[in-house]
Amino acid sequence: MCGIVGYIGNKKASPILINGLTRLEYRGYDSAGIATIEKNGIVVLKNKGRVSELEKILDGESINGTIGIAHTRWATHGKPSTENSHPHIDNKKNFAVVHNGIIENYHELKDFLLKNGYTFYSQTDTEIIPNLIDYYYSKDVLNDDKKVLRAIASACAELKGSFALEILSTYLPDKMIVVRKDSPLVIGRTNSENYISSDIPAILSYTKDFYLLNDYEYGILSKGSAEFFDQNLKPIKKDFVNIDWNASAAEKEGFDDFMLKEIYEQPKSIRETIGSRLSSDGSCNIEDLNLNKEYLQSLNKIYIVACGTAMHAGLAGKTMIEKICNIPTEVDIASEFRYRDPIIDEKTLVIFISQSGETADTIAALKLSKSKGAKTLAISNVIGSSITREADYTVYTHAGPEIAVASTKAYTSQVILMAILAIYFANTLQINSDLVKNLTKDILNLPLQIEDALKNVDAIRNFAKRVYNEKDIFFLGRGIDYNVALEGSLKLKEISYIHSEAYAAGELKHGPIALIENDVTVIAIMTDPILLEKTISNVQEVITRGAKTLVITNQNLGDHDFDNMITLPNTNSLISPVLSVIPLQLFAYYISKQKGLDVDKPRNLAKSVTVE
Ligand code: M6R
């Protein structure tokens, strides 16, 4: 999705803006641009293509301004092109704007502006914004120092949809104005500068102190200060938060790709997720969470709502909560949940899982749940992200910045956090203490077991080399292993572009087995001892029809005729996804490498899906 960067300070802005845009490249984009305030007014440079090409264009220009805004565009309205890329400027060239989000009523607003004499050079929804600001600016008869802010606020009040905006104006040549609604934007501060970005890692090397804006809060940024205003333009006091992520955590540190680095970081990220929340005696303490026994007993249902990989972590969470806490739990995809009028009330707890905390559908589902009276709990990796500011409770995964589009360490941290949450619920309900004690021991062993699971890398790489040219690859599993099959299949299609499906193994005979023919690749996950025999039978059925198989297990399978087998350390089947997903992550990674693809930035995908 679109990425925003901004700088205001004493240094030349353009190299900082380019550096920030490069760090946001992982979000996915098709064009890039910057605008700075120069002696003669606002200068805009933009082009279709990579940030490196924009950098070359910049080399030939004398751009020296110390205030600038920048953007990577992921096309929604209008094709990828130089005209459609941001920043956009109004007809009189007094306001330049970069925008992340979608303006849903832009047709209406464009008609209004056309009738008032404005013209447009692009097909974007964004171009209406600087012109609408100009419209309100020129209508305002007062000439005080809040005139630009008033014009921006009047324009924003007209916008329906989502937006994070950075605005430069020739009327305020030593300031920048920012505002957001349902789209991410953070402000990093030092004593003499402000850095703006769509996400924290892009500017983490400059500062660790961040201001976080709520919806419709305005920031007027200068070199050494930041003033904030609410929707009614009343001044508000805002404290900055210190984000203790290490800047080098957002670097590749010798790995070829962020995804590989993040796969190998999992022993560490799981340790961070566990933190001091669990003790070996089974006791559990989750900071800032104080749900009591009466409340948990009163629940008629728990919903877990998320998208993509986070939803797969939710599926593992459902099994854990139902098994350990006996509370009926349903998992839903946020984009479905928000439009299907779900039956929820004050006796429902809705848990939202989102690595970025900025996923538009998940945020909308959260707002809907609150409006129906449910308590909401966010599980996120990003401190201060939108979802954490909307939810009644937040628990952080603490997996560290995840840069690769394909989520790996965030998934395993989400699964473990769901296990910790289930333990917390069970302890509060005073049930299943033996199960909880044993599970706790197994969770505490996981970091070392992940290190062992990673040792299978050569076998996985070799298997990937054999099958990287396949057209279709199928994944099978039952119970919690089916959840992992779904995640393995998603990972593969995301970064290898190979068609892949995951099936509940018991469903094979109900249709999918018709797809099995000679030499097709089937990957089966079997870690649950209770379901082992059943899944083995299903795998035999595909072998009989000519499939080549890779089996991933933590059980002793005795004699078998699978082509390949990866044996993982044994653990409680409830948390086995954390181990069994590792060969699948490596498999997707090495297939993508073998095909010569851009692992970290797969086509058409974005890291944070901030529009629906
Ligand atoms: O930031 P979120 O966890 O809310 O993102 C949800 C999905 O967009 C995300 O998990 C997506 O499926 C990943 N690219 C999967 O690797």
# chains A, B, ... in the order shown; residues from 1 in each chain; ligands from 1
>>> residues_around(residues="Ser298 (chain A)", least_positions_apart="6", cutoff="10 Å", atoms="only C-alpha atoms", output="list of chain:residue names")
A:Glu346, A:Lys347, A:Thr348
>>> write_last_selection(atoms="N, CA and C atoms", output="short mmCIF file (atom, residue, chain, number, x, y, z; two decimals), in the first residue's frame")
data_model
loop_
_atom_site.label_atom_id
_atom_site.label_comp_id
_atom_site.auth_asym_id
_atom_site.auth_seq_id
_atom_site.Cartn_x
_atom_site.Cartn_y
_atom_site.Cartn_z
N GLU A 346 -22.82 -7.67 24.55
CA GLU A 346 -21.87 -7.44 25.65
C GLU A 346 -21.35 -8.75 26.26
N LYS A 347 -21.98 -9.88 25.87
CA LYS A 347 -21.46 -11.17 26.37
C LYS A 347 -20.50 -11.81 25.36
N THR A 348 -20.04 -11.04 24.41
CA THR A 348 -19.09 -11.57 23.43
C THR A 348 -17.76 -10.83 23.60
#
>>> residues_near_ligand(ligand="ligand 1", cutoff="10 Å", atoms="only C-alpha atoms and all ligand atoms", output="PyMOL selection string")
chain A and resi 27+305-313+333-334+352-363+379-382+387+402+404-408+410-411+414+487-488+490-495+585+601-602+605-610
>>> residues_around(residues="Ala378 (chain A)", least_positions_apart="2", cutoff="6 Å", atoms="only C-alpha atoms", output="list in words")
Ile351, Phe352, Thr388, Ala391 and Thr394 of chain A
>>> residues_around(residues="Asn105 (chain A)", least_positions_apart="6", cutoff="9 Å", atoms="only C-alpha atoms", output="PDB file with all heavy atoms, in the first residue's frame")
ATOM      1  N   ASP A 125      -8.092  10.061  -6.771  1.00  0.00           N
ATOM      2  CA  ASP A 125      -8.972  10.663  -5.773  1.00  0.00           C
ATOM      3  C   ASP A 125      -8.223  11.763  -5.011  1.00  0.00           C
ATOM      4  O   ASP A 125      -8.794  12.747  -4.567  1.00  0.00           O
ATOM      5  CB  ASP A 125      -9.501   9.591  -4.803  1.00  0.00           C
ATOM      6  CG  ASP A 125      -8.393   8.734  -4.197  1.00  0.00           C
ATOM      7  OD1 ASP A 125      -7.268   8.736  -4.741  1.00  0.00           O
ATOM      8  OD2 ASP A 125      -8.660   8.041  -3.196  1.00  0.00           O
ATOM      9  N   GLU A 158     -14.972  17.236   4.742  1.00  0.00           N
ATOM     10  CA  GLU A 158     -15.763  16.821   3.566  1.00  0.00           C
ATOM     11  C   GLU A 158     -15.391  15.426   3.079  1.00  0.00           C
ATOM     12  O   GLU A 158     -16.112  14.828   2.279  1.00  0.00           O
ATOM     13  CB  GLU A 158     -15.494  17.785   2.393  1.00  0.00           C
ATOM     14  CG  GLU A 158     -15.851  19.213   2.632  1.00  0.00           C
ATOM     15  CD  GLU A 158     -17.329  19.467   2.427  1.00  0.00           C
ATOM     16  OE1 GLU A 158     -17.981  18.654   1.764  1.00  0.00           O
ATOM     17  OE2 GLU A 158     -17.820  20.478   2.952  1.00  0.00           O
ATOM     18  N   LEU A 159     -14.208  14.944   3.499  1.00  0.00           N
ATOM     19  CA  LEU A 159     -13.698  13.690   2.920  1.00  0.00           C
ATOM     20  C   LEU A 159     -14.338  12.482   3.576  1.00  0.00           C
ATOM     21  O   LEU A 159     -14.332  12.368   4.807  1.00  0.00           O
ATOM     22  CB  LEU A 159     -12.179  13.599   3.083  1.00  0.00           C
ATOM     23  CG  LEU A 159     -11.341  14.761   2.540  1.00  0.00           C
ATOM     24  CD1 LEU A 159      -9.857  14.525   2.820  1.00  0.00           C
ATOM     25  CD2 LEU A 159     -11.570  14.937   1.037  1.00  0.00           C
ATOM     26  N   LYS A 160     -14.870  11.570   2.750  1.00  0.00           N
ATOM     27  CA  LYS A 160     -15.345  10.294   3.284  1.00  0.00           C
ATOM     28  C   LYS A 160     -14.334   9.236   2.887  1.00  0.00           C
ATOM     29  O   LYS A 160     -13.856   9.241   1.749  1.00  0.00           O
ATOM     30  CB  LYS A 160     -16.697   9.935   2.669  1.00  0.00           C
ATOM     31  CG  LYS A 160     -17.799  10.858   3.093  1.00  0.00           C
ATOM     32  CD  LYS A 160     -19.162  10.152   2.981  1.00  0.00           C
ATOM     33  CE  LYS A 160     -20.252  11.094   3.458  1.00  0.00           C
ATOM     34  NZ  LYS A 160     -21.059  11.627   2.368  1.00  0.00           N
ATOM     35  N   GLY A 161     -14.034   8.315   3.789  1.00  0.00           N
ATOM     36  CA  GLY A 161     -13.065   7.275   3.456  1.00  0.00           C
ATOM     37  C   GLY A 161     -11.924   7.307   4.439  1.00  0.00           C
ATOM     38  O   GLY A 161     -12.125   7.559   5.627  1.00  0.00           O
TER      39      GLY A 161
END
>>> select_by_dssp(residues="region 126-365 of chain A", states="alpha helix (DSSP H)", output="NGL selection string")
:A and (128-139 or 147-158 or 258-264 or 266-274 or 293-298 or 308-325 or 334-337 or 360-365)
>>> write_last_selection(atoms="C-alpha atoms", output="compact mmCIF listing (two decimals), in the first residue's frame")
# COMPACT_ATOMS: atom_id res chain seq x y z
CA ILE A 128 -9.15 16.84 -5.18
CA ILE A 129 -7.59 17.35 -1.73
CA PRO A 130 -5.14 20.23 -2.45
CA ASN A 131 -7.81 21.90 -4.57
CA LEU A 132 -10.46 21.55 -1.89
CA ILE A 133 -8.02 23.05 0.61
CA ASP A 134 -7.41 25.93 -1.78
CA TYR A 135 -11.16 26.37 -2.18
CA TYR A 136 -11.66 26.79 1.57
CA TYR A 137 -8.53 28.91 1.90
CA SER A 138 -9.77 31.38 -0.69
CA LYS A 139 -13.25 31.56 0.89
CA LYS A 147 -5.97 30.15 8.11
CA VAL A 148 -4.16 27.22 6.45
CA LEU A 149 -5.12 24.85 9.26
CA ARG A 150 -8.78 25.94 9.02
CA ALA A 151 -8.79 25.35 5.27
CA ILE A 152 -7.30 21.87 5.74
CA ALA A 153 -9.77 21.01 8.50
CA SER A 154 -12.72 22.21 6.37
CA ALA A 155 -11.50 20.06 3.48
CA CYS A 156 -10.96 17.03 5.71
CA ALA A 157 -14.47 17.39 7.12
CA GLU A 158 -15.76 16.82 3.57
CA PHE A 258 14.28 -9.90 5.17
CA MET A 259 12.06 -12.97 4.98
CA LEU A 260 14.97 -15.35 5.59
CA LYS A 261 16.24 -13.16 8.41
CA GLU A 262 12.80 -13.10 9.98
CA ILE A 263 12.44 -16.90 9.70
CA TYR A 264 15.74 -17.29 11.55
CA GLN A 266 11.91 -16.91 15.43
CA PRO A 267 13.69 -18.44 18.45
CA LYS A 268 14.34 -14.87 19.61
CA SER A 269 10.92 -13.46 18.71
CA ILE A 270 9.16 -16.30 20.52
CA ARG A 271 11.31 -15.63 23.60
CA GLU A 272 10.25 -11.98 23.42
CA THR A 273 6.58 -12.91 23.08
CA ILE A 274 6.76 -15.17 26.11
CA LYS A 293 -13.63 -14.80 36.38
CA GLU A 294 -17.21 -13.48 36.39
CA TYR A 295 -16.70 -11.75 33.05
CA LEU A 296 -15.14 -14.83 31.41
CA GLN A 297 -17.91 -17.02 32.83
CA SER A 298 -20.51 -14.68 31.41
CA GLY A 308 -4.57 -13.58 5.96
CA THR A 309 -1.81 -15.07 8.07
CA ALA A 310 -3.14 -13.39 11.21
CA MET A 311 -6.44 -15.20 10.62
CA HIS A 312 -4.52 -18.49 10.41
CA ALA A 313 -3.01 -17.72 13.81
CA GLY A 314 -6.58 -17.12 14.97
CA LEU A 315 -7.56 -20.63 13.83
CA ALA A 316 -4.87 -22.08 16.09
CA GLY A 317 -6.16 -19.79 18.85
CA LYS A 318 -9.70 -21.14 18.47
CA THR A 319 -8.53 -24.71 19.07
CA MET A 320 -6.56 -23.64 22.12
CA ILE A 321 -9.33 -21.58 23.72
CA GLU A 322 -11.96 -24.25 23.13
CA LYS A 323 -9.71 -27.08 24.41
CA ILE A 324 -8.27 -25.27 27.43
CA CYS A 325 -11.05 -22.89 28.42
CA ALA A 334 -12.45 -9.40 8.95
CA SER A 335 -13.73 -8.44 5.47
CA GLU A 336 -16.60 -10.94 5.87
CA PHE A 337 -17.32 -10.28 9.52
CA ALA A 360 -8.49 -1.52 7.24
CA ASP A 361 -10.95 -4.44 7.40
CA THR A 362 -9.78 -5.51 10.85
CA ILE A 363 -10.10 -1.98 12.20
CA ALA A 364 -13.61 -1.66 10.73
CA ALA A 365 -14.60 -5.00 12.28
>>> residues_around(residues="region 11-24 of chain A", least_positions_apart="4", cutoff="8 Å", atoms="only C-alpha atoms", output="VMD selection string")
chain A and resid 3 to 7 28 34 36 51 55 63 to 72 197 201 to 203
>>> residues_around(residues="Asp199 (chain A)", least_positions_apart="5", cutoff="8 Å", atoms="only C-alpha atoms", output="list in words")
Pro184, Leu185 and Val186 of chain A
>>> closest_residue(among="A:Gly282, A:Gly400, A:Gly546, A:Gly41", to="Trp245 (chain A)", atoms="only C-alpha atoms")
A:Gly400
>>> closest_residue(among="A:Asn91, A:Asn570, A:Ile525, A:Ser122", to="Gly78 (chain A)", atoms="only C-alpha atoms")
A:Ser122
>>> atom_distance(atom1="CA of Ser592 (chain A)", atom2="CA of Glu25 (chain A)")
18.5 Å
>>> residues_around(residues="region 463-480 of chain A", least_positions_apart="6", cutoff="7 Å", atoms="only C-alpha atoms", output="list of chain:residue names")
A:Ala316, A:Ser489, A:Ile498, A:His499, A:Ser500, A:Glu501, A:Ala502, A:Tyr503, A:Ala504, A:Ala505, A:Val520, A:Thr521, A:Val522, A:Ile523, A:Ala524, A:Ile525, A:Met526, A:Leu531, A:Thr535, A:Phe587, A:Tyr590, A:Ile591, A:Gln594, A:Lys595
>>> select_by_dssp(residues="region 388-576 of chain A", states="strand (DSSP E)", output="NGL selection string")
:A and (393-396 or 472-477 or 499-504 or 521-526 or 548-553 or 564-567)
